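Everything on this sheet refers to the single structure shown next.
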Amino acid sequence: MLESRHMSVKFGLLGILARQSQHGYELKRSFEQVTGGFWRLNPGQIYQSLDALAAEGLVSYTVQPLDAAPDRKVYAVTESGRRALDEWLAGGEARVRPLRDELFVRLAVMTDRPLADTLALLAGYRRSYAQHMRELTRNKNDLAKRHAGPDGGSEPLDLTVEGLLLEAAIYHCEADLRWLDRCEAVLAAAREDVAS
Amino acid sequence: MTAKEFQRARGGGAVLELTEVSKGFAAPGASSLVMAGVNLTLGPGEFVAITGPAAAGKTTLLRLMAGLDAPTAGAVAVAGRALGGLGDGALARLRLTSLGTSLPGMPLLESLDLLDNVALPLVLAGVGHRVARAKAEAALRELAVTTGASLAPEAASPSQRQLAQVARAVAGDAPLLLLDEPTAQLGPLGADRVLRNLRQQVEQKGRTVVIATSHAAVAAHADREYRLRDGALEEI
């Protein structure tokens with residue numbers, strides 16, 4: 001899982017550089033934008049990945065001197081970087097995302113606690129997911145608003161993909177909320193059985 | 001500061017106010033309370049979703065807000081007027097001027113085509129025929145019902161009928177819109193169109209929108225969500 005996330009960041013950065021050379025901070029912004037704003041990277045992750053890519057010879061950089069700030073490195077993809085990207089895009093098996101969530105573990109070890117505690121835990125998760133979903137929906141609507149051409153023309157593919165990625169996050173959130181509904185209904189019914 | 005005090009402080013009256021509202025239905029040998037002591041105050045420009053499990057009473061709550069049902073106890077006020085004190089005629093007039101609704105039990109009329117169905121509440125509210133039809137046409141067009149406006153409801157598809165019901169709710173100038181599952185018959189693109197249209201009603205016209213839905217993805221379009229469960233309404 002960790003390995004696959006690491007690879008996604010590495011090749012995501014490579015893919016962005018294959019379109020246009022960029023410096024570290026630009027790359028961070030580009031990565032977050034193309035992944036719909038729900039995959040945030042800290043600067044450490046960016047520079048660690050770039051160092052690894054440079055060490056493997058997949059990217060090169062030139063140092064750009066700046067007057068008012070420290071010099072910065074502008075990264076570009078190398079020929080072997082392009083080949084590695086092509087291989088990554090074409091190859092590999094399609095793996096099902098593993099379901100690992102802190103809530104699952106909490107529920108599993110909570111069965112000997114009062115049911116009210118479990119229901120309160122679920123209610124807390126529901127609030128967080130509902131809030132997150134409103135935020136994602138706002139982002140999706142903002143995206144649609146920003147890119148609705150006056151003639152209602154078609155969107156550039158980048159923006160369409162950004163919208164689809166946002167929708168992926170929304171669907172995941174929706175599935176989690178439906179499952180929370182189910183948990184709540186089943187556990188509340190169990191409580192009534194115990195009480196009667 | 002309570003929501004009500006906040007409303008007063010910013011000088012806007014409540015568009016909708018539910019005070020200690022309870023609703024029960026008589027059943028043979030017993031009566032069951034669907035909701036008890038529900039309070040809710042909404043000002044202009046609010047977009048709210050009422051959610052909850054099936055049969056939690058979401059539709060009942062919307063019908064109480066619209067004055068289609070009377071509460072067993074408590075009071076409902078729309079645009080500052082208590083519904084409880086109004087006779088049938090006054091209630092009907094208030095609905096025509098202050099409420100845009102898409103609710104079960106208020107179907108499209110089969111004797112009119114979709115366009116005239118959308119225009120009808122405007123005409124009944126005193127808007128001239130020509131203006132009413134122009135407004136109805138605009139509302140349908142914004143929801144992408146370009147063909148089919150001249151169909152009778154029976155001949156229209158379920159999605160065209162639902163879009164016409166939404167258009168009927170938004171076509172006038174009512175400050176409060178109440179819609180029950182406004183996207184149930186629509187595909188994802190049609191649903192997005194309806195929900196974005198409702199968002200525009202809120203942001204561009206300062207209208208207050210309340211939708212009831214059991215779908216989290218629909219509720220997420222609102223600014224706030226209230227969940228109805230075991231007869232109580234809780235903001236989540």
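Following the order of the structure tokens, first chain is A, next is B, and so on, with residues numbered from 1 inside each chain and ligands from 1 in the order they appear.
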
Check every residue of chain B for an atom within 12 Å of chain A, counting only C-alpha atoms, and provide those that qualify as a PyMOL selection string. chain B and resi 47-49+51-54+188-189+192-193+195-197+199-200+214-227+229-230+234-236

Could you write out that same residue set with C-alpha atoms as a tab-separated table (two decimals), in the first residue's frame?
chain	number	residue	atom	x	y	z
B	47	PHE	CA	-29.61	25.95	1.68
B	48	VAL	CA	-30.46	23.07	3.96
B	49	ALA	CA	-30.87	19.31	3.54
B	51	THR	CA	-31.80	13.64	5.82
B	52	GLY	CA	-32.50	10.48	7.74
B	53	PRO	CA	-33.32	6.83	7.24
B	54	ALA	CA	-36.35	5.75	5.22
B	188	PRO	CA	-26.15	12.03	-12.60
B	189	LEU	CA	-25.98	14.90	-15.10
B	192	ASP	CA	-26.16	17.98	-11.03
B	193	ARG	CA	-28.14	20.43	-13.13
B	195	LEU	CA	-28.76	20.91	-7.63
B	196	ARG	CA	-26.69	23.66	-9.27
B	197	ASN	CA	-29.89	25.43	-10.23
B	199	ARG	CA	-27.60	26.68	-5.57
B	200	GLN	CA	-28.14	29.60	-7.98
B	214	SER	CA	-31.95	9.96	1.80
B	215	HIS	CA	-28.92	10.32	-0.51
B	216	ALA	CA	-25.72	11.67	1.01
B	217	ALA	CA	-24.43	12.88	-2.36
B	218	VAL	CA	-27.55	15.02	-2.84
B	219	ALA	CA	-27.46	16.36	0.73
B	220	ALA	CA	-23.83	17.38	0.23
B	221	HIS	CA	-24.94	20.15	-2.13
B	222	ALA	CA	-26.58	21.99	0.77
B	223	ASP	CA	-24.66	24.19	3.20
B	224	ARG	CA	-26.05	22.45	6.24
B	225	GLU	CA	-27.55	19.05	6.95
B	226	TYR	CA	-30.18	18.22	9.55
B	227	ARG	CA	-30.78	14.58	10.29
B	229	ARG	CA	-33.90	10.28	13.53
B	230	ASP	CA	-36.15	8.84	16.23
B	234	GLU	CA	-30.18	17.21	14.74
B	235	GLU	CA	-27.71	19.30	12.77
B	236	ILE	CA	-24.75	17.23	11.63

Applying 10 Å and only C-alpha atoms, which residues near Thr146 in chain B remain after dropping the ones on its own chain fewer than 5 positions away? List them as a count of residues only. 5

Straight-line distance linking CA of Ser111 in chain B with CA of Gly172 in chain B, stated in Å to one decimal: 21.3 Å

Which residue, A:Asp112, A:Leu166, A:Asp193, A:Gln48, has the smallest gap to Asp142 in chain A when you use only C-alpha atoms? A:Leu166

Filtered DSSP result for range 9-193 of chain A, state alpha helix (DSSP H), as a VMD selection string: chain A and resid 9 to 19 24 to 34 43 to 55 79 to 90 102 to 108 115 to 147 157 to 193

Set the distance at 12 Å and use only C-alpha atoms: which residues neighbour Asn42 in chain A once local chain neighbours fewer than 5 positions away are removed? I'd like the list as a PDB file with N, CA and C atoms, in the first residue's frame.
ATOM      1  N   VAL A   9       3.151   8.769  -6.407  1.00  0.00           N
ATOM      2  CA  VAL A   9       3.697  10.133  -6.306  1.00  0.00           C
ATOM      3  C   VAL A   9       4.871  10.278  -7.275  1.00  0.00           C
ATOM      4  N   GLY A  24      10.293  22.762  -7.779  1.00  0.00           N
ATOM      5  CA  GLY A  24       9.653  21.941  -6.748  1.00  0.00           C
ATOM      6  C   GLY A  24       8.277  22.415  -6.327  1.00  0.00           C
ATOM      7  N   TYR A  25       8.158  23.729  -6.040  1.00  0.00           N
ATOM      8  CA  TYR A  25       6.882  24.210  -5.528  1.00  0.00           C
ATOM      9  C   TYR A  25       5.789  24.141  -6.599  1.00  0.00           C
ATOM     10  N   LEU A  27       5.663  21.949  -8.884  1.00  0.00           N
ATOM     11  CA  LEU A  27       5.304  20.529  -8.986  1.00  0.00           C
ATOM     12  C   LEU A  27       4.296  20.131  -7.917  1.00  0.00           C
ATOM     13  N   LYS A  28       4.530  20.646  -6.719  1.00  0.00           N
ATOM     14  CA  LYS A  28       3.598  20.347  -5.621  1.00  0.00           C
ATOM     15  C   LYS A  28       2.185  20.829  -6.014  1.00  0.00           C
ATOM     16  N   ARG A  29       2.116  22.061  -6.510  1.00  0.00           N
ATOM     17  CA  ARG A  29       0.809  22.609  -6.894  1.00  0.00           C
ATOM     18  C   ARG A  29       0.181  21.828  -8.048  1.00  0.00           C
ATOM     19  N   PHE A  31       0.728  18.707  -8.922  1.00  0.00           N
ATOM     20  CA  PHE A  31       0.307  17.374  -8.481  1.00  0.00           C
ATOM     21  C   PHE A  31      -1.038  17.455  -7.765  1.00  0.00           C
ATOM     22  N   GLU A  32      -1.156  18.430  -6.878  1.00  0.00           N
ATOM     23  CA  GLU A  32      -2.400  18.549  -6.106  1.00  0.00           C
ATOM     24  C   GLU A  32      -3.568  18.939  -7.013  1.00  0.00           C
ATOM     25  N   TYR A  47      10.549  16.801  -2.377  1.00  0.00           N
ATOM     26  CA  TYR A  47      12.005  16.841  -2.610  1.00  0.00           C
ATOM     27  C   TYR A  47      12.641  15.465  -2.450  1.00  0.00           C
ATOM     28  N   GLN A  48      12.063  14.659  -1.564  1.00  0.00           N
ATOM     29  CA  GLN A  48      12.542  13.279  -1.408  1.00  0.00           C
ATOM     30  C   GLN A  48      12.327  12.506  -2.720  1.00  0.00           C
ATOM     31  N   SER A  49      11.133  12.654  -3.277  1.00  0.00           N
ATOM     32  CA  SER A  49      10.827  11.953  -4.531  1.00  0.00           C
ATOM     33  C   SER A  49      11.713  12.463  -5.663  1.00  0.00           C
TER      34      SER A  49
END

Counting only C-alpha atoms, which of B:Gly57, B:Gly128, B:Gly100, B:Gly80 gets nearest to Gly13 in chain B?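 With only C-alpha atoms as the atom set, the closest residue is B:Gly80.
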
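We find CA of Thr72 in chain B and CA of Asn39 in chain B to be spaced 14.1 Å apart.
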
Using DSSP on the backbone, list every residue of range 50-168 of chain A that comes out as strand (DSSP E or B), and give them as a ChimeraX atom specification. /A:59-64,72-77

Put those residues in a file: N, CA and C atoms, as a compact mmCIF listing (two decimals), in the first residue's frame.
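What follows is the written file again.txt:
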# COMPACT_ATOMS: atom_id res chain seq x y z
N VAL A 59 15.16 12.09 -13.86
CA VAL A 59 15.02 13.54 -14.08
C VAL A 59 16.40 14.19 -13.97
N SER A 60 16.52 15.35 -14.58
CA SER A 60 17.74 16.16 -14.41
C SER A 60 17.29 17.55 -14.00
N TYR A 61 18.21 18.37 -13.56
CA TYR A 61 17.78 19.72 -13.19
C TYR A 61 18.84 20.75 -13.55
N THR A 62 18.36 21.97 -13.72
CA THR A 62 19.27 23.09 -13.90
C THR A 62 19.01 24.06 -12.75
N VAL A 63 20.06 24.75 -12.33
CA VAL A 63 19.89 25.69 -11.22
C VAL A 63 19.59 27.07 -11.79
N GLN A 64 18.49 27.63 -11.31
CA GLN A 64 18.06 28.94 -11.81
C GLN A 64 18.37 29.99 -10.72
N ARG A 72 16.94 28.25 -7.33
CA ARG A 72 16.06 27.08 -7.30
C ARG A 72 16.37 26.16 -8.46
N LYS A 73 16.00 24.88 -8.24
CA LYS A 73 16.25 23.87 -9.26
C LYS A 73 15.00 23.71 -10.12
N VAL A 74 15.23 23.73 -11.44
CA VAL A 74 14.12 23.46 -12.35
C VAL A 74 14.33 22.05 -12.92
N TYR A 75 13.36 21.21 -12.69
CA TYR A 75 13.49 19.80 -13.05
C TYR A 75 12.91 19.52 -14.45
N ALA A 76 13.57 18.58 -15.16
CA ALA A 76 13.08 18.15 -16.47
C ALA A 76 13.21 16.63 -16.55
N VAL A 77 12.35 16.02 -17.33
CA VAL A 77 12.40 14.57 -17.46
C VAL A 77 13.52 14.20 -18.44

If we count only C-alpha atoms, what is near Leu179 in chain B at a cut-off of 8 Å, once residues fewer than 6 positions away on the same chain are taken out, given as number ranges by chain? B: 62, 101-103, 166, 169, 209-212

Could you take the residues named above and write them with N, CA and C atoms, as a PDB file, in the first residue's frame?
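Just written: result_11.pdb:
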ATOM      1  N   LEU B  62     -41.521  18.179   5.601  1.00  0.00           N
ATOM      2  CA  LEU B  62     -41.677  19.132   4.495  1.00  0.00           C
ATOM      3  C   LEU B  62     -43.144  19.534   4.306  1.00  0.00           C
ATOM      4  N   THR B 101     -42.858  24.606  -4.353  1.00  0.00           N
ATOM      5  CA  THR B 101     -42.752  23.257  -3.795  1.00  0.00           C
ATOM      6  C   THR B 101     -42.712  22.167  -4.859  1.00  0.00           C
ATOM      7  N   SER B 102     -41.998  21.108  -4.526  1.00  0.00           N
ATOM      8  CA  SER B 102     -42.066  19.874  -5.297  1.00  0.00           C
ATOM      9  C   SER B 102     -42.197  18.758  -4.275  1.00  0.00           C
ATOM     10  N   LEU B 103     -43.447  18.405  -3.995  1.00  0.00           N
ATOM     11  CA  LEU B 103     -43.724  17.470  -2.897  1.00  0.00           C
ATOM     12  C   LEU B 103     -44.680  16.378  -3.360  1.00  0.00           C
ATOM     13  N   VAL B 166     -39.632  20.520 -10.590  1.00  0.00           N
ATOM     14  CA  VAL B 166     -38.630  21.428 -10.021  1.00  0.00           C
ATOM     15  C   VAL B 166     -38.807  22.814 -10.631  1.00  0.00           C
ATOM     16  N   ALA B 169     -41.482  24.684  -9.078  1.00  0.00           N
ATOM     17  CA  ALA B 169     -41.122  25.202  -7.753  1.00  0.00           C
ATOM     18  C   ALA B 169     -40.298  26.484  -7.844  1.00  0.00           C
ATOM     19  N   VAL B 209     -33.676  27.397   0.467  1.00  0.00           N
ATOM     20  CA  VAL B 209     -34.016  26.106  -0.130  1.00  0.00           C
ATOM     21  C   VAL B 209     -33.909  24.997   0.919  1.00  0.00           C
ATOM     22  N   VAL B 210     -34.943  24.194   1.009  1.00  0.00           N
ATOM     23  CA  VAL B 210     -34.909  23.009   1.877  1.00  0.00           C
ATOM     24  C   VAL B 210     -35.182  21.792   1.004  1.00  0.00           C
ATOM     25  N   ILE B 211     -34.255  20.840   1.004  1.00  0.00           N
ATOM     26  CA  ILE B 211     -34.507  19.594   0.284  1.00  0.00           C
ATOM     27  C   ILE B 211     -34.524  18.448   1.297  1.00  0.00           C
ATOM     28  N   ALA B 212     -35.362  17.462   1.024  1.00  0.00           N
ATOM     29  CA  ALA B 212     -35.347  16.246   1.845  1.00  0.00           C
ATOM     30  C   ALA B 212     -34.779  15.146   0.969  1.00  0.00           C
TER      31      ALA B 212
END

Quick one: residues within 10 Å of Leu103 in chain A, only C-alpha atoms counted, chain neighbours fewer than 3 positions away excluded, as a PyMOL selection string? chain A and resi 100+106-108+121-122+125

Generate a file of the selected residues that holds C-alpha atoms, formatted as a PDB file, in the first residue's frame.
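Final output, part-v7.pdb:
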ATOM      1  CA  ARG A 100      -7.904  -0.474   5.802  1.00  0.00           C
ATOM      2  CA  ARG A 106     -11.888   0.552  16.500  1.00  0.00           C
ATOM      3  CA  LEU A 107     -15.193  -1.226  15.853  1.00  0.00           C
ATOM      4  CA  ALA A 108     -13.546  -4.642  16.027  1.00  0.00           C
ATOM      5  CA  LEU A 121     -18.340   6.861  17.628  1.00  0.00           C
ATOM      6  CA  LEU A 122     -20.292   6.187  14.433  1.00  0.00           C
ATOM      7  CA  TYR A 125     -17.553   9.639  11.820  1.00  0.00           C
TER       8      TYR A 125
END

If you measure from CA of Gly148 in chain B to CA of His147 in chain A, what distance in Å do you get, rounded to one decimal?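 Distance between the two atoms: 28.4 Å.
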
Excluding Leu187 in chain A and residues on its chain fewer than 3 positions from it, collect all residues at most 8 Å away from it, counting only C-alpha atoms, and give them as number ranges by chain. A: 115, 119, 183-184, 190-191

So that I have them on file, write out the residues from the current selection with N, CA, C and O atoms, as an mmCIF file, in the first residue's frame.
data_model
loop_
_atom_site.group_PDB
_atom_site.id
_atom_site.type_symbol
_atom_site.label_atom_id
_atom_site.label_comp_id
_atom_site.auth_asym_id
_atom_site.auth_seq_id
_atom_site.Cartn_x
_atom_site.Cartn_y
_atom_site.Cartn_z
ATOM 1 N N LEU A 115 -23.017 -0.268 23.953
ATOM 2 C CA LEU A 115 -23.400 0.008 22.573
ATOM 3 C C LEU A 115 -23.503 1.515 22.305
ATOM 4 O O LEU A 115 -23.208 1.996 21.205
ATOM 5 N N LEU A 119 -22.261 3.700 19.080
ATOM 6 C CA LEU A 119 -23.142 4.553 18.273
ATOM 7 C C LEU A 119 -22.633 5.998 18.265
ATOM 8 O O LEU A 119 -22.697 6.685 17.239
ATOM 9 N N CYS A 183 -24.441 0.308 9.668
ATOM 10 C CA CYS A 183 -23.931 -0.022 11.009
ATOM 11 C C CYS A 183 -24.896 0.475 12.072
ATOM 12 O O CYS A 183 -25.264 -0.247 12.994
ATOM 13 N N GLU A 184 -25.309 1.739 11.896
ATOM 14 C CA GLU A 184 -26.165 2.366 12.895
ATOM 15 C C GLU A 184 -27.493 1.608 13.005
ATOM 16 O O GLU A 184 -27.960 1.313 14.105
ATOM 17 N N ALA A 190 -29.973 -4.228 17.268
ATOM 18 C CA ALA A 190 -29.405 -5.165 18.241
ATOM 19 C C ALA A 190 -29.677 -4.670 19.659
ATOM 20 O O ALA A 190 -29.999 -5.449 20.552
ATOM 21 N N ARG A 191 -29.587 -3.349 19.847
ATOM 22 C CA ARG A 191 -29.832 -2.786 21.171
ATOM 23 C C ARG A 191 -31.275 -3.053 21.588
ATOM 24 O O ARG A 191 -31.545 -3.417 22.727
#

Fewer than 5 positions away in the same chain doesn't count, so skip those; otherwise give me all residues within 10 Å of Leu61 in chain B, counting only C-alpha atoms, as a ChimeraX atom specification. /B:18,21-23,34-35,38,50,56,66-67,69,71,212,228
